[in-house]
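Novice: Please read through the structure below; I'll follow up with questions.
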Amino acid sequence: MKALILIGGLGTRLRPFTLDVPKSLLPIVNRPFLEYQLDPIRKAGIREVILCTAYRASLFKHTLGDGRRFGLKFHYIREEKPLGTGGAVKNAEKWITETTVVFNGDVLSGLNLKELIRTHQKNKAEATIALTRVKDPTLYGLVETSPDGKISRFLEKPSWDEVTTNTINAGTYVFEPSLTRLIPPGIPYSLERGLFPQLLSNGRRFHSHVAHGYWMDMGTVEKYLQAHLDILEGRTPFSPAGKRIRKSVWVSPSVRIGKEAEFEGKTVLGTGAQIGDFAKLSGNVVVGPRCRIGKGAQIENCVILAGTHIGDGARLQQCVVGSDCLIEPHVFIGPGRAVGDRSIIKKHSTL
Ligand code: GDD
Ligand code: MG
């Protein structure tokens, strides 16, 4: 069995953070997002992973290498222009020589892959989709099933008057290699709008597996922040890396903490991060590697990416600050703000 991960999207809803870094490589609690998908793949006994890249393709190999570090073997495939989710799978056709688990490369989930694969095999299906339940199906691919789990309708991004169920495509599929023959070569093509409706109209063996537990498509800045908070709060199967000091502070090597610095919630400090005297970090806060937090700064429920400096007395609430920014002293950044990489915010500014 192999895995294939779709990681060629532009990540437009996560701008400005995806202007330089593709969505699947953005750090989540100081680890590239994709690592959270690789762990469960290896645990399911899969060893070969096909990575379908397009946008900022070369960064993947640069960041993740050949897979050995994860106990896996990677095959990188590059689309000159993004081919869509289906076109990407077609482009990887010659590697799909056996049953393959296909992943959207932006979903953080506790899905039990072994159970998904077992459902697929038990039904002798040609394709099986993992489903999850959400409050707003209009943001996803709506999936209707019959009582035996067969898929009866697939509708990508339905409008509210088309919503008939709360089960949606969780972005993980098991595919038999025969499926790739149904995808036209060399042109942009969508699994969701093309292949899946076609499987239904051709009466192919197309099944579902309802997954329980944590699930999050980290497609927007709000969801990106939320994924961090969920990991820190223990709502996901993943825990922060680093050594736990105090009750709820995780630190990596070379961290320096100033005198009287306070940590009121759960905090993760990346390698070489420095926290100034009297700084106060409350709620859930992730500070990236090499960041510096100034004296008396107050940070609440925020994510701060690598190499950013926050000036003395700055106050940040529920926001994401990109890498290598300079936030000068006494700046206030309020809830929902997204500050792109390398921004400079002048002292006393209010965002
Ligand atoms: N290689 C490649 N080429 N990958 C692509 C391309 C492409 O042209 N376009 C998108 N992808 C990758 C993205 O990088 C992402 O990891 C995945 O395919 C899904 O794309 P999104 O843009 O995130 O789609 P979505 O979130 O709107 O909807 C999809 O995911 C939902 C679940 O998270 C659909 O599959 C929905 O049906 C599903 O419910
Ligand atoms: Mg998505």
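Convention: chains lettered A, B, ... in structure tokens order; per-chain residue numbering from 1; ligands numbered from 1 as shown.
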I need the residues of range 49-266 of chain A that end up classed as helix (DSSP H, G or I) by DSSP on the backbone, written out as an MDAnalysis selection string.
Specialist: chainID A and resid 58:64 68:70 84:91 93:95 113:122 137:139 160:162 177:182 191:201 221:232
Novice: Restrict the calculation to only C-alpha atoms and all ligand atoms, then for each residue of chain A with any atom at most 6 Å from an atom of ligand 1 give the closest atom pair and their distance in Å to one decimal, rows by chain and rising residue number, as CSV.
Specialist:
```
residue,atom,partner,partner_atom_place_in_ligand_line,distance
A:Leu6,CA,ligand 1,4 (N),4.2
A:Ile7,CA,ligand 1,14 (O),3.7
A:Gly8,CA,ligand 1,4 (N),3.3
A:Gly9,CA,ligand 1,14 (O),3.4
A:Cys52,CA,ligand 1,1 (N),4.3
A:Thr53,CA,ligand 1,1 (N),4.5
A:Ala54,CA,ligand 1,1 (N),5.5
A:Pro82,CA,ligand 1,8 (O),3.5
A:Leu83,CA,ligand 1,8 (O),4.1
A:Gly84,CA,ligand 1,8 (O),3.2
A:Thr85,CA,ligand 1,6 (C),4.8
A:Ala88,CA,ligand 1,1 (N),4.8
A:Asn104,CA,ligand 1,17 (C),4.0
A:Gly105,CA,ligand 1,16 (O),3.4
A:Asp106,CA,ligand 1,16 (O),4.5
A:Val107,CA,ligand 1,33 (O),5.8
A:Tyr140,CA,ligand 1,39 (O),3.6
A:Gly141,CA,ligand 1,37 (O),3.3
A:Glu156,CA,ligand 1,37 (O),5.5
A:Ile168,CA,ligand 1,39 (O),5.5
A:Asn169,CA,ligand 1,39 (O),4.0
A:Ala170,CA,ligand 1,32 (C),4.8
A:Gly171,CA,ligand 1,32 (C),4.4
A:Glu192,CA,ligand 1,37 (O),5.7
A:Asp217,CA,ligand 1,33 (O),4.6
A:Gly219,CA,ligand 1,23 (O),5.9
```
Novice: Residues of the last selection are to be written out with C-alpha atoms, as a PDB file, in the first residue's frame.
Specialist:
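Once everything was written out, this is part.pdb:
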```pdb
ATOM      1  CA  LEU A   6      -1.967  16.528  -2.606  1.00  0.00           C
ATOM      2  CA  ILE A   7       0.110  19.561  -1.720  1.00  0.00           C
ATOM      3  CA  GLY A   8       0.058  21.716  -4.833  1.00  0.00           C
ATOM      4  CA  GLY A   9      -2.664  24.229  -3.910  1.00  0.00           C
ATOM      5  CA  CYS A  52       2.147  15.825  -5.657  1.00  0.00           C
ATOM      6  CA  THR A  53       3.567  19.342  -5.683  1.00  0.00           C
ATOM      7  CA  ALA A  54       2.969  22.427  -7.837  1.00  0.00           C
ATOM      8  CA  PRO A  82      -1.405  23.139 -10.912  1.00  0.00           C
ATOM      9  CA  LEU A  83      -3.532  20.373 -12.446  1.00  0.00           C
ATOM     10  CA  GLY A  84      -6.244  20.315  -9.792  1.00  0.00           C
ATOM     11  CA  THR A  85      -6.770  17.425  -7.378  1.00  0.00           C
ATOM     12  CA  ALA A  88      -2.438  15.701  -9.859  1.00  0.00           C
ATOM     13  CA  ASN A 104      -5.600  16.417   0.971  1.00  0.00           C
ATOM     14  CA  GLY A 105      -2.432  17.921   2.408  1.00  0.00           C
ATOM     15  CA  ASP A 106      -4.122  20.418   4.704  1.00  0.00           C
ATOM     16  CA  VAL A 107      -6.219  18.327   7.071  1.00  0.00           C
ATOM     17  CA  TYR A 140     -16.721  21.312   1.849  1.00  0.00           C
ATOM     18  CA  GLY A 141     -17.786  18.401  -0.345  1.00  0.00           C
ATOM     19  CA  GLU A 156     -18.729  19.987  -3.869  1.00  0.00           C
ATOM     20  CA  ILE A 168     -18.761  15.801   4.257  1.00  0.00           C
ATOM     21  CA  ASN A 169     -15.644  14.598   2.474  1.00  0.00           C
ATOM     22  CA  ALA A 170     -12.897  14.535   5.124  1.00  0.00           C
ATOM     23  CA  GLY A 171     -10.192  14.712   2.430  1.00  0.00           C
ATOM     24  CA  GLU A 192     -14.513  16.338  -6.378  1.00  0.00           C
ATOM     25  CA  ASP A 217      -9.173  21.646   7.396  1.00  0.00           C
ATOM     26  CA  GLY A 219      -7.654  26.393   5.082  1.00  0.00           C
TER      27      GLY A 219
END
```
Novice: List the neighbours of range 286-302 of chain A out to 7 Å using only C-alpha atoms; skip same-chain residues closer than 5 positions along the sequence, and give me the result as JSON, numbers by chain.
Specialist: {"A": [29, 30, 267, 268, 269, 270, 271, 272, 273, 274, 275, 276, 277, 278, 279, 280, 281, 307, 308, 309, 310, 311, 312, 313, 314, 315, 316, 317, 318, 319, 320]}
Novice: Generate the output file for the selected residues, C-alpha atoms, as a CSV table (one decimal), in the first residue's frame.
Specialist:
```
chain,number,residue,atom,x,y,z
A,29,VAL,CA,3.1,24.4,16.8
A,30,ASN,CA,6.6,24.8,15.3
A,267,THR,CA,2.8,27.9,26.0
A,268,VAL,CA,5.3,26.5,23.5
A,269,LEU,CA,8.6,28.2,23.0
A,270,GLY,CA,10.7,27.2,19.9
A,271,THR,CA,14.5,26.8,19.8
A,272,GLY,CA,16.4,29.9,20.9
A,273,ALA,CA,13.3,31.9,21.8
A,274,GLN,CA,13.8,34.7,24.3
A,275,ILE,CA,11.1,36.0,26.6
A,276,GLY,CA,11.8,39.4,28.2
A,277,ASP,CA,11.5,40.3,31.9
A,278,PHE,CA,7.9,40.8,33.1
A,279,ALA,CA,6.4,39.6,29.8
A,280,LYS,CA,3.0,37.9,30.2
A,281,LEU,CA,1.9,35.1,28.0
A,307,GLY,CA,12.5,34.9,14.0
A,308,THR,CA,10.0,37.6,14.9
A,309,HIS,CA,10.8,40.3,17.4
A,310,ILE,CA,8.1,41.8,19.6
A,311,GLY,CA,9.0,45.1,21.2
A,312,ASP,CA,8.7,46.1,24.9
A,313,GLY,CA,5.2,46.7,26.1
A,314,ALA,CA,3.5,45.4,22.9
A,315,ARG,CA,0.1,43.8,23.4
A,316,LEU,CA,-1.1,41.0,21.0
A,317,GLN,CA,-4.4,39.3,21.3
A,318,GLN,CA,-5.7,36.3,19.3
A,319,CYS,CA,-3.7,37.0,16.2
A,320,VAL,CA,-1.0,35.3,14.0
```
Novice: Ranking A:Asn284, A:Thr138, A:Thr220, A:Thr132 by minimum distance to ligand 2 and counting only C-alpha atoms and all ligand atoms, which one comes first?
Specialist: A:Thr220
Novice: What lies within 7 Å of range 112-119 of chain A using only C-alpha atoms, ignoring chain neighbours under 6 positions off, as a PyMOL selection string?
Specialist: chain A and resi 44+130+174+209
Novice: As an exercise, work out the distance from CA of Ala241 in chain A to CA of Glu222 in chain A in Å and give it to one decimal place.
Specialist: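 Atom-to-atom, CA of Ala241 in chain A to CA of Glu222 in chain A, that is 22.5 Å.
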Novice: Taking only range 257-288 of chain A into account, list the residues labelled strand (DSSP E) by DSSP (computed from the backbone), as a PyMOL selection string.
Specialist: chain A and resi 257+262-263+266-269+274-275+280-282+284-287
